[in-house]
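Asker: Structure file model06.pdb, PDB, C-alpha atoms, pLDDT in the B column, is pasted below:
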```pdb
ATOM      1  CA  MET A   1      21.364  10.778  20.021  1.00 40.00           C
ATOM      2  CA  ASP A   2      24.992  11.785  19.599  1.00 52.00           C
ATOM      3  CA  VAL A   3      26.207  14.463  17.210  1.00 53.00           C
ATOM      4  CA  GLU A   4      27.781  11.928  14.871  1.00 50.00           C
ATOM      5  CA  ASP A   5      24.400  10.183  14.533  1.00 49.00           C
ATOM      6  CA  ASN A   6      22.747  13.361  13.373  1.00 51.00           C
ATOM      7  CA  ASN A   7      21.520  13.335   9.794  1.00 41.00           C
ATOM      8  CA  GLU A   8      22.239  17.020   9.471  1.00 61.00           C
ATOM      9  CA  ALA A   9      25.515  17.833   7.719  1.00 85.00           C
ATOM     10  CA  TRP A  10      27.460  20.097  10.059  1.00 93.00           C
ATOM     11  CA  ARG A  11      29.431  22.765   8.194  1.00 96.00           C
ATOM     12  CA  ILE A  12      33.030  23.304   9.311  1.00 97.00           C
ATOM     13  CA  LEU A  13      35.368  26.053   8.112  1.00 97.00           C
ATOM     14  CA  ILE A  14      39.085  25.386   8.549  1.00 97.00           C
ATOM     15  CA  VAL A  15      41.229  28.535   8.498  1.00 96.00           C
ATOM     16  CA  GLU A  16      44.723  27.134   7.929  1.00 95.00           C
ATOM     17  CA  ASP A  17      47.558  28.171   5.590  1.00 93.00           C
ATOM     18  CA  ASP A  18      49.341  24.806   5.668  1.00 92.00           C
ATOM     19  CA  GLU A  19      47.759  23.343   2.534  1.00 93.00           C
ATOM     20  CA  ARG A  20      48.809  19.750   3.174  1.00 92.00           C
ATOM     21  CA  LEU A  21      47.581  19.809   6.779  1.00 92.00           C
ATOM     22  CA  ALA A  22      44.323  21.505   5.777  1.00 94.00           C
ATOM     23  CA  ASP A  23      43.656  18.958   3.014  1.00 94.00           C
ATOM     24  CA  LEU A  24      44.397  15.974   5.250  1.00 94.00           C
ATOM     25  CA  THR A  25      42.195  17.380   8.013  1.00 94.00           C
ATOM     26  CA  LYS A  26      39.409  18.152   5.540  1.00 95.00           C
ATOM     27  CA  GLU A  27      39.553  14.631   4.122  1.00 96.00           C
ATOM     28  CA  TYR A  28      39.427  13.028   7.569  1.00 96.00           C
ATOM     29  CA  LEU A  29      36.551  15.165   8.833  1.00 96.00           C
ATOM     30  CA  GLU A  30      34.549  14.631   5.634  1.00 96.00           C
ATOM     31  CA  SER A  31      35.066  10.876   5.953  1.00 95.00           C
ATOM     32  CA  ASN A  32      33.311  11.240   9.311  1.00 95.00           C
ATOM     33  CA  GLY A  33      30.255  12.970   7.870  1.00 94.00           C
ATOM     34  CA  LEU A  34      31.129  16.659   8.192  1.00 95.00           C
ATOM     35  CA  VAL A  35      30.969  19.230   5.379  1.00 96.00           C
ATOM     36  CA  VAL A  36      34.307  21.034   5.320  1.00 97.00           C
ATOM     37  CA  SER A  37      35.670  24.073   3.518  1.00 96.00           C
ATOM     38  CA  VAL A  38      39.118  25.653   3.830  1.00 97.00           C
ATOM     39  CA  GLU A  39      40.366  29.239   3.913  1.00 96.00           C
ATOM     40  CA  ALA A  40      44.149  29.759   3.746  1.00 94.00           C
ATOM     41  CA  ASN A  41      44.300  33.540   4.005  1.00 93.00           C
ATOM     42  CA  GLY A  42      43.605  35.222   7.331  1.00 91.00           C
ATOM     43  CA  ALA A  43      42.668  38.457   5.569  1.00 90.00           C
ATOM     44  CA  HIS A  44      39.695  36.697   3.943  1.00 94.00           C
ATOM     45  CA  ALA A  45      38.653  34.663   6.967  1.00 95.00           C
ATOM     46  CA  VAL A  46      36.641  37.342   8.795  1.00 95.00           C
ATOM     47  CA  GLU A  47      34.301  37.923   5.850  1.00 95.00           C
ATOM     48  CA  ARG A  48      33.845  34.209   5.214  1.00 96.00           C
ATOM     49  CA  ILE A  49      33.043  33.437   8.846  1.00 96.00           C
ATOM     50  CA  THR A  50      30.554  36.293   9.230  1.00 94.00           C
ATOM     51  CA  SER A  51      28.865  35.732   5.850  1.00 95.00           C
ATOM     52  CA  GLU A  52      28.837  31.937   5.642  1.00 96.00           C
ATOM     53  CA  LYS A  53      28.136  31.359   9.369  1.00 94.00           C
ATOM     54  CA  PRO A  54      29.599  27.835   9.530  1.00 96.00           C
ATOM     55  CA  ASP A  55      28.503  25.637  12.413  1.00 94.00           C
ATOM     56  CA  LEU A  56      32.086  25.623  13.722  1.00 95.00           C
ATOM     57  CA  VAL A  57      35.414  27.250  12.871  1.00 97.00           C
ATOM     58  CA  VAL A  58      38.818  25.579  13.242  1.00 96.00           C
ATOM     59  CA  LEU A  59      41.123  28.596  13.387  1.00 95.00           C
ATOM     60  CA  ASP A  60      44.920  28.489  13.191  1.00 93.00           C
ATOM     61  CA  LEU A  61      46.730  31.069  15.304  1.00 90.00           C
ATOM     62  CA  MET A  62      49.525  31.891  12.844  1.00 89.00           C
ATOM     63  CA  LEU A  63      48.162  32.947   9.461  1.00 90.00           C
ATOM     64  CA  PRO A  64      49.236  35.138   6.542  1.00 88.00           C
ATOM     65  CA  GLY A  65      47.225  38.338   6.202  1.00 88.00           C
ATOM     66  CA  GLU A  66      45.783  38.371   9.717  1.00 90.00           C
ATOM     67  CA  ASP A  67      46.471  36.247  12.783  1.00 90.00           C
ATOM     68  CA  GLY A  68      43.926  34.019  14.481  1.00 91.00           C
ATOM     69  CA  LEU A  69      43.604  36.163  17.612  1.00 90.00           C
ATOM     70  CA  SER A  70      42.625  39.221  15.581  1.00 92.00           C
ATOM     71  CA  ILE A  71      40.179  37.189  13.479  1.00 94.00           C
ATOM     72  CA  CYS A  72      38.567  35.742  16.602  1.00 91.00           C
ATOM     73  CA  ARG A  73      38.175  39.190  18.168  1.00 89.00           C
ATOM     74  CA  LYS A  74      36.633  40.670  15.001  1.00 92.00           C
ATOM     75  CA  VAL A  75      34.072  37.946  14.304  1.00 92.00           C
ATOM     76  CA  ARG A  76      32.818  37.445  17.861  1.00 86.00           C
ATOM     77  CA  PRO A  77      30.266  40.317  17.834  1.00 83.00           C
ATOM     78  CA  SER A  78      28.449  38.736  14.869  1.00 87.00           C
ATOM     79  CA  TYR A  79      29.376  35.045  14.996  1.00 90.00           C
ATOM     80  CA  ASN A  80      28.066  32.892  17.859  1.00 83.00           C
ATOM     81  CA  GLY A  81      29.301  29.501  16.704  1.00 88.00           C
ATOM     82  CA  PRO A  82      32.129  27.589  18.381  1.00 90.00           C
ATOM     83  CA  ILE A  83      35.714  28.522  17.519  1.00 93.00           C
ATOM     84  CA  LEU A  84      38.406  25.897  18.045  1.00 93.00           C
ATOM     85  CA  MET A  85      41.820  27.571  17.928  1.00 90.00           C
ATOM     86  CA  LEU A  86      45.020  25.787  16.910  1.00 90.00           C
ATOM     87  CA  THR A  87      48.419  26.945  18.086  1.00 84.00           C
ATOM     88  CA  ALA A  88      51.832  25.637  17.059  1.00 77.00           C
ATOM     89  CA  ARG A  89      53.246  26.561  20.453  1.00 65.00           C
ATOM     90  CA  THR A  90      52.424  25.313  23.918  1.00 60.00           C
ATOM     91  CA  ASP A  91      52.854  28.803  25.353  1.00 61.00           C
ATOM     92  CA  ASP A  92      50.196  29.417  27.983  1.00 61.00           C
ATOM     93  CA  LEU A  93      49.967  33.028  26.857  1.00 64.00           C
ATOM     94  CA  ASP A  94      48.731  32.037  23.397  1.00 65.00           C
ATOM     95  CA  GLN A  95      46.071  29.804  24.911  1.00 65.00           C
ATOM     96  CA  VAL A  96      44.953  32.417  27.411  1.00 70.00           C
ATOM     97  CA  LEU A  97      44.803  35.143  24.757  1.00 73.00           C
ATOM     98  CA  GLY A  98      42.773  32.876  22.496  1.00 72.00           C
ATOM     99  CA  LEU A  99      40.214  32.284  25.238  1.00 75.00           C
ATOM    100  CA  GLU A 100      40.084  35.984  26.060  1.00 72.00           C
ATOM    101  CA  MET A 101      39.396  36.813  22.401  1.00 77.00           C
ATOM    102  CA  GLY A 102      36.424  34.441  22.431  1.00 78.00           C
ATOM    103  CA  ALA A 103      37.741  31.020  21.404  1.00 84.00           C
ATOM    104  CA  ASP A 104      35.729  28.125  22.845  1.00 84.00           C
ATOM    105  CA  ASP A 105      38.549  25.611  22.885  1.00 84.00           C
ATOM    106  CA  TYR A 106      42.136  25.246  21.747  1.00 83.00           C
ATOM    107  CA  MET A 107      44.545  22.520  20.709  1.00 85.00           C
ATOM    108  CA  SER A 108      48.307  22.513  20.320  1.00 83.00           C
ATOM    109  CA  LYS A 109      49.887  21.297  17.110  1.00 85.00           C
ATOM    110  CA  PRO A 110      50.647  18.703  15.923  1.00 86.00           C
ATOM    111  CA  VAL A 111      46.964  17.822  16.008  1.00 87.00           C
ATOM    112  CA  ARG A 112      45.856  14.206  15.987  1.00 89.00           C
ATOM    113  CA  PRO A 113      42.821  13.904  13.679  1.00 91.00           C
ATOM    114  CA  ARG A 114      40.861  11.624  16.022  1.00 91.00           C
ATOM    115  CA  VAL A 115      41.359  14.013  18.940  1.00 88.00           C
ATOM    116  CA  LEU A 116      40.394  16.977  16.777  1.00 92.00           C
ATOM    117  CA  LEU A 117      37.226  15.163  15.700  1.00 93.00           C
ATOM    118  CA  ALA A 118      36.380  14.428  19.337  1.00 89.00           C
ATOM    119  CA  ARG A 119      36.800  18.091  20.281  1.00 87.00           C
ATOM    120  CA  ILE A 120      34.685  19.210  17.327  1.00 92.00           C
ATOM    121  CA  ARG A 121      31.915  16.778  18.246  1.00 90.00           C
ATOM    122  CA  ALA A 122      31.962  17.983  21.848  1.00 83.00           C
ATOM    123  CA  LEU A 123      31.532  21.585  20.689  1.00 86.00           C
ATOM    124  CA  LEU A 124      28.787  20.681  18.207  1.00 87.00           C
ATOM    125  CA  ARG A 125      27.005  18.787  20.966  1.00 81.00           C
ATOM    126  CA  ARG A 126      26.552  22.107  22.782  1.00 73.00           C
ATOM    127  CA  ILE A 127      24.758  23.508  19.735  1.00 70.00           C
ATOM    128  CA  LYS A 128      22.508  20.480  19.586  1.00 68.00           C
ATOM    129  CA  GLU A 129      21.677  20.716  23.287  1.00 63.00           C
ATOM    130  CA  HIS A 130      20.928  24.413  22.870  1.00 56.00           C
ATOM    131  CA  ASP A 131      18.565  23.677  19.965  1.00 56.00           C
ATOM    132  CA  HIS A 132      16.852  20.998  22.069  1.00 51.00           C
ATOM    133  CA  HIS A 133      16.302  23.479  24.893  1.00 49.00           C
ATOM    134  CA  ALA A 134      15.015  26.088  22.473  1.00 48.00           C
ATOM    135  CA  GLU A 135      12.442  23.582  21.200  1.00 52.00           C
ATOM    136  CA  GLY A 136      11.086  23.059  24.687  1.00 51.00           C
ATOM    137  CA  GLY A 137      13.360  20.424  26.174  1.00 47.00           C
ATOM    138  CA  SER A 138      15.319  21.082  29.330  1.00 41.00           C
ATOM    139  CA  ALA A 139      18.106  19.410  31.195  1.00 41.00           C
ATOM    140  CA  ASP A 140      20.336  20.276  34.067  1.00 44.00           C
ATOM    141  CA  ALA A 141      24.114  19.928  34.134  1.00 42.00           C
ATOM    142  CA  ASN A 142      23.855  16.233  34.844  1.00 42.00           C
ATOM    143  CA  GLY A 143      21.512  15.507  31.952  1.00 46.00           C
ATOM    144  CA  GLY A 144      18.303  15.278  33.969  1.00 47.00           C
ATOM    145  CA  GLU A 145      15.262  17.485  33.856  1.00 54.00           C
ATOM    146  CA  GLY A 146      15.695  20.755  35.697  1.00 65.00           C
ATOM    147  CA  PRO A 147      14.864  24.469  35.695  1.00 78.00           C
ATOM    148  CA  THR A 148      15.973  26.540  32.724  1.00 86.00           C
ATOM    149  CA  ARG A 149      16.088  29.883  34.570  1.00 91.00           C
ATOM    150  CA  LEU A 150      17.989  30.555  37.785  1.00 94.00           C
ATOM    151  CA  VAL A 151      17.701  33.773  39.782  1.00 94.00           C
ATOM    152  CA  PHE A 152      20.277  34.957  42.319  1.00 94.00           C
ATOM    153  CA  ASN A 153      19.135  38.388  43.511  1.00 91.00           C
ATOM    154  CA  ASN A 154      20.139  40.744  40.644  1.00 93.00           C
ATOM    155  CA  LEU A 155      21.682  37.969  38.538  1.00 95.00           C
ATOM    156  CA  VAL A 156      19.557  35.856  36.180  1.00 95.00           C
ATOM    157  CA  VAL A 157      20.897  32.923  34.138  1.00 95.00           C
ATOM    158  CA  ASP A 158      18.652  31.321  31.503  1.00 93.00           C
ATOM    159  CA  SER A 159      19.767  28.110  29.775  1.00 88.00           C
ATOM    160  CA  SER A 160      16.914  27.994  27.263  1.00 85.00           C
ATOM    161  CA  MET A 161      17.881  31.413  25.911  1.00 84.00           C
ATOM    162  CA  ARG A 162      21.575  30.942  26.709  1.00 85.00           C
ATOM    163  CA  GLU A 163      21.650  34.421  28.181  1.00 90.00           C
ATOM    164  CA  ALA A 164      22.346  36.038  31.527  1.00 94.00           C
ATOM    165  CA  TRP A 165      21.371  39.415  32.959  1.00 95.00           C
ATOM    166  CA  LEU A 166      22.779  41.585  35.734  1.00 95.00           C
ATOM    167  CA  ASP A 167      20.426  44.289  37.024  1.00 94.00           C
ATOM    168  CA  ASP A 168      18.238  43.620  33.951  1.00 92.00           C
ATOM    169  CA  GLU A 169      21.177  44.350  31.625  1.00 93.00           C
ATOM    170  CA  SER A 170      22.249  41.571  29.259  1.00 92.00           C
ATOM    171  CA  ILE A 171      25.717  40.180  29.995  1.00 92.00           C
ATOM    172  CA  ASP A 172      28.093  39.700  27.058  1.00 86.00           C
ATOM    173  CA  LEU A 173      29.266  36.087  27.367  1.00 85.00           C
ATOM    174  CA  THR A 174      30.958  33.789  24.878  1.00 80.00           C
ATOM    175  CA  SER A 175      29.380  30.372  24.348  1.00 78.00           C
ATOM    176  CA  ALA A 176      32.038  28.717  26.508  1.00 81.00           C
ATOM    177  CA  GLU A 177      31.655  31.314  29.261  1.00 86.00           C
ATOM    178  CA  PHE A 178      27.906  30.782  29.367  1.00 89.00           C
ATOM    179  CA  ASP A 179      28.342  27.006  29.559  1.00 88.00           C
ATOM    180  CA  LEU A 180      30.656  27.419  32.543  1.00 91.00           C
ATOM    181  CA  LEU A 181      28.408  29.963  34.261  1.00 95.00           C
ATOM    182  CA  TRP A 182      25.379  27.700  33.825  1.00 94.00           C
ATOM    183  CA  LEU A 183      27.260  24.666  35.117  1.00 93.00           C
ATOM    184  CA  LEU A 184      28.431  26.514  38.229  1.00 96.00           C
ATOM    185  CA  SER A 185      25.128  28.291  38.927  1.00 96.00           C
ATOM    186  CA  SER A 186      23.006  25.165  38.400  1.00 94.00           C
ATOM    187  CA  ASN A 187      25.203  23.513  41.024  1.00 95.00           C
ATOM    188  CA  ALA A 188      25.044  26.477  43.420  1.00 94.00           C
ATOM    189  CA  GLY A 189      26.160  25.570  46.910  1.00 94.00           C
ATOM    190  CA  ASN A 190      28.290  22.653  45.726  1.00 94.00           C
ATOM    191  CA  VAL A 191      32.020  22.694  45.092  1.00 95.00           C
ATOM    192  CA  LEU A 192      32.880  21.478  41.589  1.00 94.00           C
ATOM    193  CA  SER A 193      36.429  20.309  40.976  1.00 91.00           C
ATOM    194  CA  ARG A 194      38.333  21.347  37.873  1.00 87.00           C
ATOM    195  CA  GLU A 195      38.174  17.720  36.788  1.00 87.00           C
ATOM    196  CA  GLU A 196      34.368  17.661  37.044  1.00 89.00           C
ATOM    197  CA  ILE A 197      34.034  20.995  35.238  1.00 88.00           C
ATOM    198  CA  PHE A 198      36.468  20.028  32.503  1.00 82.00           C
ATOM    199  CA  THR A 199      34.784  16.692  31.838  1.00 82.00           C
ATOM    200  CA  ALA A 200      31.277  18.197  31.878  1.00 83.00           C
ATOM    201  CA  LEU A 201      32.120  20.998  29.457  1.00 78.00           C
ATOM    202  CA  ARG A 202      34.573  19.342  27.101  1.00 69.00           C
ATOM    203  CA  GLY A 203      33.789  15.652  27.344  1.00 61.00           C
ATOM    204  CA  ILE A 204      37.404  14.670  27.911  1.00 57.00           C
ATOM    205  CA  GLU A 205      39.503  13.988  30.986  1.00 59.00           C
ATOM    206  CA  TYR A 206      41.345  16.834  32.671  1.00 57.00           C
ATOM    207  CA  ASP A 207      45.104  16.645  32.117  1.00 58.00           C
ATOM    208  CA  GLY A 208      46.017  18.754  35.130  1.00 57.00           C
ATOM    209  CA  GLN A 209      47.640  21.432  32.962  1.00 60.00           C
ATOM    210  CA  ASP A 210      44.801  23.133  31.123  1.00 65.00           C
ATOM    211  CA  ARG A 211      44.126  26.694  32.334  1.00 73.00           C
ATOM    212  CA  SER A 212      40.958  27.372  30.354  1.00 76.00           C
ATOM    213  CA  ILE A 213      38.614  26.943  33.349  1.00 83.00           C
ATOM    214  CA  ASP A 214      40.591  29.405  35.472  1.00 85.00           C
ATOM    215  CA  VAL A 215      40.775  31.940  32.642  1.00 84.00           C
ATOM    216  CA  ARG A 216      37.039  31.766  32.022  1.00 86.00           C
ATOM    217  CA  VAL A 217      36.190  32.109  35.702  1.00 92.00           C
ATOM    218  CA  SER A 218      38.379  35.213  35.885  1.00 90.00           C
ATOM    219  CA  ARG A 219      36.545  36.661  32.864  1.00 88.00           C
ATOM    220  CA  ILE A 220      33.075  35.775  34.146  1.00 93.00           C
ATOM    221  CA  ARG A 221      33.507  37.281  37.626  1.00 95.00           C
ATOM    222  CA  PRO A 222      33.506  40.983  36.666  1.00 93.00           C
ATOM    223  CA  LYS A 223      30.757  40.382  34.103  1.00 93.00           C
ATOM    224  CA  ILE A 224      28.382  39.122  36.808  1.00 95.00           C
ATOM    225  CA  GLY A 225      29.341  41.893  39.236  1.00 94.00           C
ATOM    226  CA  ASP A 226      31.729  39.772  41.279  1.00 94.00           C
ATOM    227  CA  ASP A 227      34.895  41.204  42.807  1.00 91.00           C
ATOM    228  CA  PRO A 228      37.844  39.709  40.876  1.00 87.00           C
ATOM    229  CA  VAL A 229      40.194  40.183  43.850  1.00 88.00           C
ATOM    230  CA  HIS A 230      37.847  39.107  46.640  1.00 92.00           C
ATOM    231  CA  PRO A 231      35.075  37.172  44.860  1.00 93.00           C
ATOM    232  CA  ARG A 232      31.838  36.549  46.733  1.00 93.00           C
ATOM    233  CA  ARG A 233      29.758  34.887  43.988  1.00 95.00           C
ATOM    234  CA  ILE A 234      32.210  32.417  42.417  1.00 96.00           C
ATOM    235  CA  LYS A 235      34.678  31.378  45.081  1.00 95.00           C
ATOM    236  CA  THR A 236      37.903  29.486  44.587  1.00 93.00           C
ATOM    237  CA  VAL A 237      38.109  26.618  47.058  1.00 92.00           C
ATOM    238  CA  ARG A 238      41.791  25.869  47.486  1.00 88.00           C
ATOM    239  CA  SER A 239      42.872  22.430  46.252  1.00 84.00           C
ATOM    240  CA  LYS A 240      39.244  21.582  45.435  1.00 88.00           C
ATOM    241  CA  GLY A 241      37.718  23.751  42.714  1.00 91.00           C
ATOM    242  CA  TYR A 242      35.016  26.394  42.434  1.00 95.00           C
ATOM    243  CA  LEU A 243      31.887  27.164  44.443  1.00 95.00           C
ATOM    244  CA  PHE A 244      28.975  29.242  43.159  1.00 96.00           C
ATOM    245  CA  VAL A 245      27.406  30.929  46.213  1.00 95.00           C
ATOM    246  CA  LYS A 246      23.620  31.042  46.252  1.00 87.00           C
ATOM    247  CA  GLU A 247      23.332  34.191  48.364  1.00 79.00           C
ATOM    248  CA  ALA A 248      26.386  36.361  47.734  1.00 63.00           C
TER
END
```
Represent the structure of the file as structure tokens.

Answerer:
Amino acid sequence: MDVEDNNEAWRILIVEDDERLADLTKEYLESNGLVVSVEANGAHAVERITSEKPDLVVLDLMLPGEDGLSICRKVRPSYNGPILMLTARTDDLDQVLGLEMGADDYMSKPVRPRVLLARIRALLRRIKEHDHHAEGGSADANGGEGPTRLVFNNLVVDSSMREAWLDDESIDLTSAEFDLLWLLSSNAGNVLSREEIFTALRGIEYDGQDRSIDVRVSRIRPKIGDDPVHPRRIKTVRSKGYLFVKEA
């Protein structure tokens, strides 16, 4: 069952100071079955996100009071839901910084409502799959039944708990980082192209420009004890993609 077929009303918080854009987006998302609220002031957004715990946050980068990057960094220790960041610029630096602060996805303005809805549904689908695993279901990266815990010497990755450990110490991973780590580790020994990774994680075709996969790999490597300069666990295969090594 897809997210949009779910009877549960998913709660979305839009943090956006452009009132007309926020209202139009709210109206469109609500017409597609989502429950939407809006916050225009960045200074108030942190408290609302951490207290209300919406299922997903659409967070504009440029805000009065406090910018989106700072908000993302502050809420991440206590908010585990997906954060979709919006930026008015196509500057790679903004996108990279957003991912490093804990955003799960990003879109450049102007945002097309149908594309935004598709991205939101893809992120909510992760929550639904997580809940299914927590209730006893299990599925591998390709949707079939598979193990929920993988062990690679001192590294353990558990999809049912959505956690990973290195030398018995919990690893601090964002939701998007865990999804990527699980996808790579559950396909250990096989090279996955950026196209395959992008489609599996975001449900849309790779445009050849997006750097989010590379940024997340670079963030994951030191967290799992890999050498960022000469990686042995997650290897870059030139012109092909990434390879998770079973015995590093």

Asker: I need the residue set behind the PyMOL selection byres ((chain A and resi 12) around 10) for this file; please write it as a PDB file with C-alpha atoms, keeping the file's coordinate frame.

Answerer:
```
ATOM      1  CA  ALA A   9      25.515  17.833   7.719  1.00 85.00           C
ATOM      2  CA  TRP A  10      27.460  20.097  10.059  1.00 93.00           C
ATOM      3  CA  ARG A  11      29.431  22.765   8.194  1.00 96.00           C
ATOM      4  CA  LEU A  13      35.368  26.053   8.112  1.00 97.00           C
ATOM      5  CA  ILE A  14      39.085  25.386   8.549  1.00 97.00           C
ATOM      6  CA  VAL A  15      41.229  28.535   8.498  1.00 96.00           C
ATOM      7  CA  LYS A  26      39.409  18.152   5.540  1.00 95.00           C
ATOM      8  CA  LEU A  29      36.551  15.165   8.833  1.00 96.00           C
ATOM      9  CA  GLU A  30      34.549  14.631   5.634  1.00 96.00           C
ATOM     10  CA  LEU A  34      31.129  16.659   8.192  1.00 95.00           C
ATOM     11  CA  VAL A  35      30.969  19.230   5.379  1.00 96.00           C
ATOM     12  CA  VAL A  36      34.307  21.034   5.320  1.00 97.00           C
ATOM     13  CA  SER A  37      35.670  24.073   3.518  1.00 96.00           C
ATOM     14  CA  VAL A  38      39.118  25.653   3.830  1.00 97.00           C
ATOM     15  CA  LYS A  53      28.136  31.359   9.369  1.00 94.00           C
ATOM     16  CA  PRO A  54      29.599  27.835   9.530  1.00 96.00           C
ATOM     17  CA  ASP A  55      28.503  25.637  12.413  1.00 94.00           C
ATOM     18  CA  LEU A  56      32.086  25.623  13.722  1.00 95.00           C
ATOM     19  CA  VAL A  57      35.414  27.250  12.871  1.00 97.00           C
ATOM     20  CA  VAL A  58      38.818  25.579  13.242  1.00 96.00           C
ATOM     21  CA  ILE A 120      34.685  19.210  17.327  1.00 92.00           C
TER      22      ILE A 120
END
```

Asker: On this structure, which residues satisfy the PyMOL selection byres ((chain A and resi 71) around 10), written as a list in words?

Answerer: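 So the PyMOL selection byres ((chain A and resi 71) around 10) ends up selecting Gly42, Ala43, His44, Ala45, Val46, Glu47, Ile49, Leu59, Asp60, Leu61, Leu63, Glu66, Asp67, Gly68, Leu69, Ser70, Cys72, Arg73, Lys74, Val75, Arg76 and Met101 of chain A.
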
Asker: Taking the file as shown, find all residues satisfying the PyMOL selection byres ((chain A and resi 181) around 10) and write them as a ChimeraX atom specification.

Answerer: /A:157,159,164,173,175-180,182-187,216-217,220-221,224,234,244

Asker: What does the structure give for the distance between CA of Ala188 (chain A) and CA of Leu243 (chain A), in Å to one decimal?

Answerer: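 That distance, rounded to one decimal, is 7.0 Å.
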
Asker: Kindly indicate which residue among A:Asp104, A:Asp226, A:Glu19, A:Glu52 lies nearest to Asn154 (chain A), using all atoms listed in the file for the distances.

Answerer: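 Of A:Asp104, A:Asp226, A:Glu19, A:Glu52, the one nearest Asn154 (chain A) is A:Asp226, counting all atoms listed in the file.
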